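Since the structure comes first, as structure tokens, the remarks are kept for the end.
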Amino acid sequence: MLSIDILLNAIVTGILLGSVYASLALGLGITFGILHIPNIAHPTLVVAGAFFVYTLTQWGIDPIVAAVIGLVPFYLLGVVLYAFYSAVFERKGGANVLQSLTLFFGLSLVIEILLSLGFGSELKSVSVSYIGLSLKLGVLTVPYRLLIPALLAPVTIAAVWLYLSRTNSGTAIRAVAHEERALSIAGLNPASVKRHAFGIATATAVIAGAALIMVGPIEPFAGRYQIGRVFAIVVLAGMGSIPGSLVIAIIIGIAEALVSSYLNPSWSPGVAFAILLLGLALRPQGLFGAAR
Amino acid sequence: MNRLIIENLSAGYGAVSVLRKVSLELNESEMVALLGMNGNGKSTLFNCILGFVRASAGRIVLEWNGKNTDLTKLQPHEIVRLGLSIVPEGRRLVPNISVEDNLKLAGSNPGVRDRMKQNLAYCFETFPLLLERRRQIASTMSGGQQQLLAIARSLMTAPKIIIIDEPSVGLAPIVVRDVLNAITQLREKSNMTILMAEQSFFQAIDVSSRAYVLSHGSIQREFKRSDGEIAHDEIRRAMLGAH
Ligand SMILES: Nc1ncnc2c1ncn2[C@@H]1O[C@H](COP(=O)(O)OP(=O)(O)OP(=O)(O)O)[C@@H](O)[C@H]1O
Ligand SMILES: [Mg+2]
């Protein structure tokens, strides 16, 4: 039987979950969507962010405050990772996609193993006063452990997008993959522009990590389940369309919630791909991407 | 005297050598033409000066205000910050951002960004068309308009020297006139030092004080306006590689 309150709850849960997915995809939207570097380690970096947040919450720090504290160290981590990546590849005339994928796959394995060694492989969660509670609005029950992380996405995405679209350094980031030489001609070092962008992308991983560990408990290998979904979001939004990725992530979240409520919860991981295939058949450049 | 000197420069791509012992000089406030047919190495020479192609031998020295800098070991953005700017082959604009953003990007490097406003105003004053179209996405402009944008962009880095690679290539004759007028105007307005490559040389030599002919990767001849009217036939012969 189709009851309206199950439907409404599924939709609201989907919107909130989708918003969390958007946080997870944001960094990839920068590295892959804008810089065209297929950083499949991004979900693992998000998990590393979650463990960073977990560690600080053990000392009584609020997870969101912990994420803000993590911005600078994760930015620096991203800068170091990019420096390593470019030392390995770009100096030799650029990496091909397969080589980059291998490098980032290896990187995510290393991070996963380090996390397992440091934290063990059992699930970790954060306990904050508001996390067990729910907001009740008529027939809707919205748990705070979903609502609060969901609110992080629009804020972070807006901040990143304003930076990219309104500042000169943002313009340089948007330009570098299209016409690297235009940056050199402008007297800007393309390598340091990319390093900076990679740093920002990695910094968003700690925010996404906070969101992820608030939603539910986490283990070191949790990133693996997110890779397909975040790539689907970035590609479907259209490479480089950061605000579009929020819309796509929410569509995927709603579809997943409906599929698990009405069909079978075990099908929901396939939903993102079904939507990706359908979307790309209709608009190969992505839903919000410009034709190229 | 302020100048750029190139001495015995050789360069190429991998095993293919393109430039062989090229020597030339460019003095402050001069406009010099570099003439040569397709594939004789004009763009390679310019890309060497800007650091995009590495020299295998020879020197490129910027002598300016009593300071001598060898450019051959520097990266392109460092060379640009020293005051060389280029209007490159293929223009190399950022296609997906606006005219104004293309200009601002060039004006945002640490060496010049505190003068961004003045530099932008100067560009718009010199090229009113770009002011009108400042919100237009670069790739949606016509070839001639994009060429003007590429020239304007080269001003944003406050250059001592501008290097222009075949500004007229691919443009309709009437547009070519506009582009060359813009360059001439730039000369008259600010006495800019310019090195410009061309193969359709009629207009180029009219506005230049000297011309080098590059053939098969070497400087074949040098023509000076001070030696009298430059005969077109002689240039043509030199460009075809006759001695
Ligand atoms: N990236 C490259 N890799 C290999 N060879 C190149 C490359 N660029 C140019 N060449 C070769 O170097 C030679 C000189 O080319 P270059 O572009 O410098 O000539 P040009 O005088 O600028 O010609 P045009 O008037 O057609 O622009 C040509 O034989 C060309 O094929
Ligand atoms: Mg050329």
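Convention: chains lettered A, B, ... in structure tokens order; per-chain residue numbering from 1; ligands numbered from 1 as shown.
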
Give as JSON, numbers by chain the residues surrounding ligand 1 up to a distance of 10 Å, considering only C-alpha atoms and all ligand atoms. {"B": [11, 12, 13, 14, 15, 16, 17, 18, 19, 34, 35, 36, 37, 38, 39, 40, 41, 42, 43, 44, 45, 46, 47, 48, 52, 53, 89, 90, 165, 166, 169, 197, 198, 199, 200, 214, 215, 216, 217]}

Which residues of segment 3-90 of chain A have any atom within 9 Å of an atom in segment 158-173 of chain A when counting only C-alpha atoms, and what is the closest pair of atoms for each, with the distance in Å to one decimal? Order the rows by chain and rising number and write it as JSON lines.
{"residue": "A:Leu26", "atom": "CA", "partner": "A:Val160", "partner_atom": "CA", "distance": 8.8}
{"residue": "A:Ile30", "atom": "CA", "partner": "A:Ile173", "partner_atom": "CA", "distance": 8.9}
{"residue": "A:Ile34", "atom": "CA", "partner": "A:Ile173", "partner_atom": "CA", "distance": 7.6}
{"residue": "A:Leu35", "atom": "CA", "partner": "A:Ile173", "partner_atom": "CA", "distance": 7.8}

Next, dump the selected residues to file, keeping only N, CA, C and O atoms, as an mmCIF file, in the first residue's frame.
data_model
loop_
_atom_site.group_PDB
_atom_site.id
_atom_site.type_symbol
_atom_site.label_atom_id
_atom_site.label_comp_id
_atom_site.auth_asym_id
_atom_site.auth_seq_id
_atom_site.Cartn_x
_atom_site.Cartn_y
_atom_site.Cartn_z
ATOM 1 N N LEU A 26 32.011 16.926 -3.593
ATOM 2 C CA LEU A 26 32.524 18.277 -3.868
ATOM 3 C C LEU A 26 34.015 18.281 -4.234
ATOM 4 O O LEU A 26 34.419 18.893 -5.223
ATOM 5 N N ILE A 30 36.083 19.200 -7.901
ATOM 6 C CA ILE A 30 37.218 20.087 -8.181
ATOM 7 C C ILE A 30 38.337 19.313 -8.879
ATOM 8 O O ILE A 30 38.798 19.700 -9.952
ATOM 9 N N ILE A 34 37.028 19.770 -12.530
ATOM 10 C CA ILE A 34 37.693 20.985 -13.008
ATOM 11 C C ILE A 34 39.119 20.697 -13.478
ATOM 12 O O ILE A 34 39.516 21.111 -14.560
ATOM 13 N N LEU A 35 39.900 19.967 -12.672
ATOM 14 C CA LEU A 35 41.296 19.729 -13.048
ATOM 15 C C LEU A 35 41.470 18.505 -13.950
ATOM 16 O O LEU A 35 42.553 18.281 -14.490
#

Minimum-distance residue to Val110 of chain A, chosen among A:Pro220, A:Gly244, A:Gly253, A:Gly228 (using only C-alpha atoms):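 Answer, going by the shortest atom-to-atom distance: A:Pro220.
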
Excluding Thr193 of chain B and residues on its chain fewer than 2 positions from it, collect all residues at most 8 Å away from it, counting only C-alpha atoms, and give them as a list in words.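 So the residues in contact are Leu26, Asn27, Glu28, Ser29, Glu30, Met31, Lys160, Ile161, Ile162, Arg187, Asn191 and Leu195 of chain B.
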
Distance cut-off 7 Å, counting only C-alpha atoms - which residues of chain A neighbour chain B? Return them as a ChimeraX atom specification. /A:168,171-172,175,178-179,181-182,184-189

Same residues, C-alpha atoms, output as a PDB file, in the first residue's frame:
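Below is the file out-v4.pdb, written as the result:
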ATOM      1  CA  ASN A 168      40.928  35.770  -9.556  1.00  0.00           C
ATOM      2  CA  THR A 171      39.220  31.981 -12.269  1.00  0.00           C
ATOM      3  CA  ALA A 172      42.749  30.621 -12.539  1.00  0.00           C
ATOM      4  CA  ALA A 175      41.025  28.043 -16.457  1.00  0.00           C
ATOM      5  CA  HIS A 178      41.194  24.338 -20.340  1.00  0.00           C
ATOM      6  CA  GLU A 179      44.246  26.284 -21.346  1.00  0.00           C
ATOM      7  CA  ARG A 181      49.343  28.033 -21.337  1.00  0.00           C
ATOM      8  CA  ALA A 182      46.988  30.943 -20.740  1.00  0.00           C
ATOM      9  CA  SER A 184      51.775  30.891 -17.919  1.00  0.00           C
ATOM     10  CA  ILE A 185      51.131  33.776 -20.299  1.00  0.00           C
ATOM     11  CA  ALA A 186      49.383  35.534 -17.446  1.00  0.00           C
ATOM     12  CA  GLY A 187      52.508  35.154 -15.323  1.00  0.00           C
ATOM     13  CA  LEU A 188      50.868  32.522 -13.132  1.00  0.00           C
ATOM     14  CA  ASN A 189      52.433  29.172 -12.348  1.00  0.00           C
TER      15      ASN A 189
END

Which of segment 25-204 of chain A DSSP labels helix (DSSP H, G or I), written as an NGL selection string: :A and (25-34 or 42-58 or 63-88 or 90-92 or 97-119 or 129-132 or 144-166 or 168-176 or 180-185 or 190-204)

Quick one: pick out all strand (DSSP E) residues within segment 5-195 of chain B from a backbone DSSP run and write them as an MDAnalysis selection string. chainID B and resid 5:13 16:27 31:35 55:64 67:70 84:87 161:165 193:195

Taking 6 positions as the minimum chain separation for residues in the same chain, which residues sit within 6 Å of segment 212-215 of chain A when counting only C-alpha atoms? Answer as a ChimeraX atom specification. /A:50,145-146

Output N, CA and C atoms for every residue in that selection, as a CSV table (one decimal), in the first residue's frame.
chain,number,residue,atom,x,y,z
A,50,ALA,N,36.8,11.8,8.3
A,50,ALA,CA,35.9,11.3,9.3
A,50,ALA,C,36.7,10.8,10.6
A,145,ARG,N,20.8,13.6,13.2
A,145,ARG,CA,22.1,13.1,12.7
A,145,ARG,C,22.1,13.1,11.2
A,146,LEU,N,21.0,13.3,10.5
A,146,LEU,CA,20.9,13.5,9.1
A,146,LEU,C,20.8,15.0,8.7

Exercise: Trp64 of chain B partners within 7 Å, only C-alpha atoms, chain neighbours under 3 positions left out, as a PyMOL selection string: chain B and resi 2-3+67-68

Preceding selection exported with C-alpha atoms as a compact mmCIF listing (two decimals), in the first residue's frame:
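Final output, part29.txt:
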# COMPACT_ATOMS: atom_id res chain seq x y z
CA ASN B 2 67.68 48.20 -22.79
CA ARG B 3 67.33 45.24 -25.10
CA LYS B 67 70.23 44.05 -15.04
CA ASN B 68 71.03 41.10 -17.26

Nearby residues (only C-alpha atoms) at most 9 Å from segment 174-181 of chain B, same-chain spacing under 5 positions excluded, as a PyMOL selection string: chain B and resi 143-145+147-148+151+167-169+186+203-204
